[in-house]
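Visitor: Please see the structure below; I have some questions.
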Amino acid sequence: MSDMLVTLALILGKLLFIFGVVLFMAAYLVLAERKILGRMQLRYGPNRVGPFGLMQPLADVIKLLTKEDFVPARADKWLFLIAPGITAVTALLVFAVIPFGSPLEIFGRQVPLVVVDLNIGVLYFLGVSSMAVYGVVLGGWASNSKYSLLGGVRGLSQMVSYELSLGLSLVPVIMMARSFSLTDIVMAQQSIPFVLLNPVAFGVFFICVLAESNRIPFDLPEAENELVGGFHTEYSGMRFGLFFVGEYINMVVLGSLVTVFFLGGWNGPWLPPLLWFLFKVLAVCAMFIWIRASMPRLRYDQLMNLGWKILLPLSLVNILVTGAVLLGLG
Amino acid sequence: MENLVQEAIQNVNLHAVMPSLILSVAGMALLLVAVFSPRGKTAHIAWLSIASLIVAGIVTIMGWNDTQYGFAGSVQLDNFAAFFSMICIIAAGLAILMSDEYLKRENFPVGEYYPLILITTAGAMWMVSGTDLITIFLGLEVLSVSLYILAGFFRDQVRCNEAGLKYFFLGAFSTGFLLYGMALLYGVSGTTKVYDIAAYIQANPDTTTNVMFVAGGLLMLTGFFFKIAAAPFHMWTPDVYQGAPTPITAFMSAGPKAAAFAALIRVTFICLEGMQDHLTTVFWVLAVLTMTVGNLIALNQKDLKRMLAYSSIAHAGYAMVGLVAWNEIGSAGILFYMLVYTFMNMGAFAILILIGRSGEENLTLDGVTGLGYKKPMLGIAFSIFLFALMGLPPTAGFTGKFYIFAGAINSGYIWLAVLGVLNSAVSLYYYLRIMIFMYFKEPQEDYAWVKIYPATAVSIVISVIGVLYLGIVPGSIMQLARMAGF
Amino acid sequence: MLDLYLPIIVVIGIAFAFAIGSVVFSRLVGVKRYSELKMSPYECGVPPIGNANERFSVKFYLVAVAFIVFDVEVAFLYPWAIMFKQLGWYGAITMGIFIFVLVIGFIYDWKKGALEWE
């Protein structure tokens with residue numbers, strides 16, 4: 001009985017820790033992004049609230065929470081209300097399977113630093129993350145606004161297109177790790193991370209991750225200078241906040257996944273595993289921000305061409321080549 | 001693990017699916033040929049399709065009397081499957097022969113048409129050789145999905161769209177019945193292989209009174225009845241047959257229908273053998289209903305395609321009499337009859353293609369007024385097919401019906417044979433009416449637009465030869481049918 | 001088996017609580033002022049013209065259909081990917097054929113212009 005209680009306490013402890021960290025990171029990623037973008041564009045970025053603008057996220061949260069929660073006329077009320085929740089919830093759900101450190105020894109028992117080490121972790125991630133598209137498309141569709149509709153439909157097409165290559169670029173990883181469990185995948189990279197073994201898969205995965213998170217250069221669903229706000233044009237207050245938070249949580253999640261699948265997870269010399277993991281995730285996120293500062297937005301036809309005509313064939317060929325090489329090496 | 005892999009590899013046996021494999025590979029290759037060909041050029045695709053059908057046919061014939069089992073007992077290429085495969089191949093070949101010029105006339109020469117027919121045929125072959133409910137279902141779906149597209153092929157014609165959409169909705173609906181029935185059978189017996197289900201029933205005789213099993217069997221049969229257009233599941237047939245491109249109508253009423261009959265025979269004669277007493281009741285009620293409904297409504301039709309659609313319902317009813325008989329002559333009779341029906345029906349539709357004008361005009365009774373004088377060869381060929389459809393000697397229609405009704409009489413269903421003959425008598429009226437219009441009315445037009453397309457003419461000639469050969473010397477083919485039957 | 005998924009259920013609960021809680025909280029705290037203009041959809045400040053749920057390009061449907069086909073392909077690749085050592089060359093060649101069949105459809109799509117956005 002006490003055993004079970006301890007297990008439950010551990011789960012809850014880990015969950016609260018993770019959620020705290022993730023939400024904290026998401027909040028400060030916003031600030032970091034605004035700061036870095038500002039600096040890259042020869043501006044200061046937010047610096048009024050607190051020292052160096054460090055209290056800015058708190059101010060944002062208070063502002064979003066106290067805004068009016070309203071539904072535009074003739075919008076599909078229920079879908080409109082549900083859509084932002086889907087984005088935030090799916091982003092949080094993926095975190096359950098991400099291992100963020102090697103197992104720890106606490107009170108004499110092995111505690112894996114992952115909420116749950118599912119033996120079908122990769123499938124879980126693909127299944128849950130493909131739900132995220134519903135947030136975009138339902139939000140866009142339910143708003144009863146032309147901009148939203150266009151943004152939602154664009155987002156739908158874009159996300160499903162890149163989901164294919166995303167899924168296909170993980171097949172070589174599974175072939176190399178021979179497991180669906182994310183922990184096993186990290187273990188398999190103890191000596192050499194997969195990014196060096198299969199850079200093509202890494203490249204495809206990274207591009208698809210950018211597209212899945214609707215970030216520049218793939219931010220067509222919310223292209224502000226043609227669609228105002230895209231699928232979230234009509235959203236305001238905390239519902240907009242959920243979309244916003246969801247997007248940044250997603251950034252952390254996807255950064256962690258890049259780390260787990262290709263950068264060797266928590267593996268690394270000298271430093272403690274947890275720190276290595278954090279460092280890698282932050283590096284990937286910094287990469288995202290840097291790309292945002294330096295890349296122009298793609299045109300829609302370029303976006304679709306890249307997804308269907310380049311990434312998809314490339315990842316298919318990559319699978320066959322990886323399979324042949326692995327079998328040839330015995 | 002290694003053993004499992006070895007076992008799986010040994011179980012595959014590609015010989016069992018060789019004919020359908022040839023057709024599906026050809027279908028995929030031709031799809032690429034079609035998409036890389038310049039617009040409007042389809043003749044080479046048609047000829048390549050016919051070549052692949054011939055190859056598949058030769059492979060099928062070479063496999064006669066050499067039963068192949070494949071995919072761990074999911075596929076069984078025996079004489080029964082080979083015979084029905086040949087029917088499908090012949091139907092597809094005739095349909096392709098009469099298609100090319102027709103597509104040009106209808107101003108829609110699109111190359112995907114032929115690969116779709118090949119893939120339909122491949123699906124039909126999986127259906128006829130499947131000994132696993134899942135394989136049968138897979139074949140049925142491949143066949144149906146391709147046919148949905150073909151039925152609505154002329155996407156700018158409203159009639160054709162209607163046909164495609166109606167066929168799709170009702171087809172999907174009926175597939176639901178079929179799959180649900182299969183699921184229930186699986187639930188009861190724990191297997192989807194027809195022989196294993198039969199063995200399970202052998203071991204547990206009280207299964208035949210199990211509600212779930214009976215419901216599953218009946219639901220599955222309902223799905224098949226939809227496909228063979230047995231009354232009261234025939235509602236989709238007239239509209240779809242009328243709206244679809246004429247070669248596709250011809251093909252649909254011959255090849256896929258034969259395949260559905262094949263699967264129906266295999267499943268009922270093996271799986272549901274224990275329910276024979278009840279099923280024969282179901283079958284005879286439906287057979288009588290189907291032929292009566294088909295013939296009676298056909299009496300009132302002015303549109304020839306629609307009339308032939310109802311006639312095809314009636315003919316499905318005749319073929320079902322063979323199911324009622326539930327003996328060797330009956331099942332051989334069905335095989336023979338489906339072959340005969342392929343020739344006579346496709347021939348009749350080929351004639352309709354020739355006398356029609358672009359946009360499917362002129363396919364009413366008035367449209368054939370005096371045709372017999374202006375185009376005597378067409379008139380004679382049409383008359384032969386009509387005689388065959390009526391079931392008059394010396395055409396194959398007579399021998400086909402003869403064997404079917406003989407099977408029924410052998411099993412003691414004399415009154416059913418009598419009903420069948422009476423129905424044939426009813427059908428005389430509407431078939432003869434076409435001939436009256438052709439020969440006993442003054443021609444009002446000179447039929448200048450009727451061009452004898454060479455390939456279509458070849459298909460008519462083949463059909464005439466088939467109808468007469470099977471009518472005058474049916475013995476050898478009937479022998480083959482008896483070797484193939486259950 | 002089930003206790004493996006227990007944490008997932010807890011995660012779902014917490015995630016939902018977060019999403020619902022924050023919105024409910026903001027609803028309680030936030031102001032509510034009704035105005036006709038605020039309720040109308042945003043169209044750059046001018047009164048909205050026509051219906052918002054207009055028809056959009058058929059291309060999006062084509063993408064959706066193509067996605068279904070290839071998504072199934074991906075789903076079939078995973079089981080092979082995890083067992084591919086045991087399945088050896090036989091499995092690799094089989095999967096190669098499987099991919100090839102889908103590639104035919106892909107080439108067809110491409111040639112037909114289903115992937116073109118002018």
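For the structure tokens, the naming scheme is as follows: chains receive sequential letters (A, B, ...) according to their order of presentation, residues are indexed from 1 within each chain, and ligands are indexed from 1 in presentation order.
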Dump as CSV the rows for residues of chain C within 8 Å of chain B: closest atom pair and distance in Å with one decimal, only C-alpha atoms counted, ordered by chain and rising residue number.

Guide:
residue,atom,partner,partner_atom,distance
C:Gln86,CA,B:Glu2,CA,6.6
C:Leu87,CA,B:Val5,CA,6.5
C:Val101,CA,B:Met28,CA,7.9
C:Ile104,CA,B:Met28,CA,7.1
C:Ile107,CA,B:Leu32,CA,7.7
C:Tyr108,CA,B:Leu32,CA,6.4
C:Lys111,CA,B:Val35,CA,6.5
C:Lys112,CA,B:Val35,CA,6.9

Visitor: Write a file of the selected residues as a compact mmCIF listing (two decimals), in the first residue's frame, keeping N, CA and C atoms.

Guide:
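Writing the result to again_20.txt gives the following:
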# COMPACT_ATOMS: atom_id res chain seq x y z
N GLN C 86 15.36 -8.52 -37.59
CA GLN C 86 14.91 -9.91 -37.65
C GLN C 86 14.36 -10.26 -39.02
N LEU C 87 13.72 -9.29 -39.65
CA LEU C 87 13.11 -9.58 -40.94
C LEU C 87 14.15 -9.60 -42.05
N VAL C 101 5.17 0.99 -54.49
CA VAL C 101 3.77 1.09 -54.93
C VAL C 101 3.21 2.47 -54.59
N ILE C 104 4.52 5.17 -56.79
CA ILE C 104 3.80 5.28 -58.06
C ILE C 104 2.63 6.26 -57.91
N ILE C 107 4.06 9.75 -57.72
CA ILE C 107 4.43 10.29 -59.04
C ILE C 107 3.18 10.70 -59.80
N TYR C 108 2.15 9.85 -59.68
CA TYR C 108 0.90 10.17 -60.37
C TYR C 108 0.34 11.49 -59.88
N LYS C 111 2.52 14.34 -61.19
CA LYS C 111 2.35 14.61 -62.62
C LYS C 111 0.98 15.23 -62.91
N LYS C 112 -0.01 14.79 -62.14
CA LYS C 112 -1.37 15.30 -62.36
C LYS C 112 -1.50 16.74 -61.88

Visitor: May I have the residues of chain C within 8 Å of chain A, counting only C-alpha atoms, written as a PyMOL selection string?

Guide: chain C and resi 4-5+7-8+11-12+15-16+19-20+22-23+25-27+29-33+38-43+52-54+60+63-64+67+70-71+74+77-78+81-85+88-89+92+96+99+115-118

Visitor: Take the residues that were just selected and, keeping C-alpha atoms, output them as a PDB file, in the first residue's frame.

Guide:
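Done, and the output landed in selection-v4.pdb:
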ATOM      1  CA  LEU C   4       1.828   2.125 -17.052  1.00  0.00           C
ATOM      2  CA  TYR C   5      -0.876   4.404 -18.357  1.00  0.00           C
ATOM      3  CA  PRO C   7       0.491   8.665 -15.199  1.00  0.00           C
ATOM      4  CA  ILE C   8      -0.874   9.505 -18.656  1.00  0.00           C
ATOM      5  CA  VAL C  11      -1.196  14.167 -17.063  1.00  0.00           C
ATOM      6  CA  ILE C  12      -4.406  14.492 -19.037  1.00  0.00           C
ATOM      7  CA  ALA C  15      -3.417  19.495 -18.600  1.00  0.00           C
ATOM      8  CA  PHE C  16      -7.173  19.858 -18.781  1.00  0.00           C
ATOM      9  CA  ALA C  19      -6.573  24.805 -19.749  1.00  0.00           C
ATOM     10  CA  ILE C  20     -10.032  24.988 -18.209  1.00  0.00           C
ATOM     11  CA  SER C  22      -7.076  29.498 -16.656  1.00  0.00           C
ATOM     12  CA  VAL C  23     -10.019  30.291 -18.912  1.00  0.00           C
ATOM     13  CA  PHE C  25     -10.417  32.220 -13.932  1.00  0.00           C
ATOM     14  CA  SER C  26     -10.098  34.877 -16.603  1.00  0.00           C
ATOM     15  CA  ARG C  27     -13.829  34.741 -17.174  1.00  0.00           C
ATOM     16  CA  VAL C  29     -11.822  38.207 -13.281  1.00  0.00           C
ATOM     17  CA  GLY C  30     -12.266  39.826 -16.674  1.00  0.00           C
ATOM     18  CA  VAL C  31     -14.624  42.643 -17.577  1.00  0.00           C
ATOM     19  CA  LYS C  32     -17.750  42.160 -19.666  1.00  0.00           C
ATOM     20  CA  ARG C  33     -18.879  44.981 -21.908  1.00  0.00           C
ATOM     21  CA  LYS C  38     -16.873  44.447 -30.991  1.00  0.00           C
ATOM     22  CA  MET C  39     -18.900  41.326 -31.731  1.00  0.00           C
ATOM     23  CA  SER C  40     -18.511  41.608 -35.498  1.00  0.00           C
ATOM     24  CA  PRO C  41     -15.604  39.793 -37.109  1.00  0.00           C
ATOM     25  CA  TYR C  42     -12.469  41.786 -37.751  1.00  0.00           C
ATOM     26  CA  GLU C  43     -11.994  42.858 -41.315  1.00  0.00           C
ATOM     27  CA  ALA C  52     -17.093  34.151 -43.600  1.00  0.00           C
ATOM     28  CA  ASN C  53     -17.415  30.464 -44.304  1.00  0.00           C
ATOM     29  CA  GLU C  54     -16.648  30.737 -47.961  1.00  0.00           C
ATOM     30  CA  PHE C  60      -6.639  21.684 -49.750  1.00  0.00           C
ATOM     31  CA  VAL C  63      -3.635  17.541 -49.867  1.00  0.00           C
ATOM     32  CA  ALA C  64      -5.902  15.950 -47.288  1.00  0.00           C
ATOM     33  CA  PHE C  67      -2.063  12.828 -46.620  1.00  0.00           C
ATOM     34  CA  PHE C  70       0.856   8.463 -47.021  1.00  0.00           C
ATOM     35  CA  ASP C  71      -0.045   8.541 -43.367  1.00  0.00           C
ATOM     36  CA  VAL C  74       3.998   5.720 -42.355  1.00  0.00           C
ATOM     37  CA  LEU C  77       6.590   1.447 -41.811  1.00  0.00           C
ATOM     38  CA  TYR C  78       6.833   1.570 -38.010  1.00  0.00           C
ATOM     39  CA  ALA C  81      11.302  -0.424 -38.602  1.00  0.00           C
ATOM     40  CA  ILE C  82      11.301  -1.983 -35.167  1.00  0.00           C
ATOM     41  CA  MET C  83      11.653  -5.568 -36.395  1.00  0.00           C
ATOM     42  CA  PHE C  84      13.768  -4.940 -39.436  1.00  0.00           C
ATOM     43  CA  LYS C  85      16.864  -6.699 -38.123  1.00  0.00           C
ATOM     44  CA  GLY C  88      16.392  -9.063 -42.771  1.00  0.00           C
ATOM     45  CA  TRP C  89      16.700  -8.509 -46.479  1.00  0.00           C
ATOM     46  CA  ALA C  92      13.612  -4.751 -46.482  1.00  0.00           C
ATOM     47  CA  GLY C  96      10.848  -1.452 -50.659  1.00  0.00           C
ATOM     48  CA  ILE C  99       7.093   2.007 -50.714  1.00  0.00           C
ATOM     49  CA  LEU C 115       0.966  19.234 -55.643  1.00  0.00           C
ATOM     50  CA  GLU C 116       1.141  22.432 -57.670  1.00  0.00           C
ATOM     51  CA  TRP C 117       0.182  25.739 -56.081  1.00  0.00           C
ATOM     52  CA  GLU C 118       0.518  28.550 -58.567  1.00  0.00           C
TER      53      GLU C 118
END

Visitor: Between CA of Leu170 (chain B) and CA of Ala122 (chain B), measure the distance and give it in Å to one decimal.

Guide: 22.0 Å

Visitor: Hey, which of C:Ala17, C:Leu102, C:Leu6, C:Leu28 ends up closest to Val69 (chain C)? Count only C-alpha atoms.

Guide: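 Checking each candidate against Val69 (chain C), we get C:Leu102 as the closest.
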
Visitor: Within 7 Å of region 225-246 of chain B, which residues of region 59-174 of chain B show up? Give each one with its shortest atom-to-atom distance in Å (one decimal) and the two atoms involved, counting only C-alpha atoms, rows by chain then rising residue number, as a Markdown table.

Guide:
| residue | atom | partner | partner_atom | distance |
| --- | --- | --- | --- | --- |
| B:Ala151 | CA | B:Ala244 | CA | 4.6 |
| B:Gly152 | CA | B:Ala244 | CA | 6.1 |
| B:Arg159 | CA | B:Gly243 | CA | 4.8 |
| B:Cys160 | CA | B:Gly243 | CA | 4.6 |
| B:Glu162 | CA | B:Gly243 | CA | 6.9 |
| B:Ala163 | CA | B:Val240 | CA | 4.2 |
| B:Gly164 | CA | B:Val240 | CA | 7.0 |
| B:Lys166 | CA | B:Trp236 | CA | 6.8 |
| B:Tyr167 | CA | B:Val240 | CA | 6.2 |
| B:Leu170 | CA | B:Trp236 | CA | 7.0 |
| B:Ser174 | CA | B:Phe226 | CA | 6.1 |

Visitor: Produce a file of the selected residues containing C-alpha atoms, as a CSV table (one decimal), in the first residue's frame.

Guide:
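Produced file result_6.csv, reproduced below:
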chain,number,residue,atom,x,y,z
B,151,ALA,CA,-19.2,4.6,-62.8
B,152,GLY,CA,-18.9,8.4,-62.5
B,159,ARG,CA,-26.2,11.5,-65.2
B,160,CYS,CA,-22.8,10.0,-64.8
B,162,GLU,CA,-25.4,10.7,-60.2
B,163,ALA,CA,-24.4,7.1,-61.1
B,164,GLY,CA,-21.0,7.4,-59.4
B,166,LYS,CA,-25.3,6.6,-55.9
B,167,TYR,CA,-23.1,3.6,-56.5
B,170,LEU,CA,-25.1,2.4,-51.6
B,174,SER,CA,-23.7,-2.5,-48.3
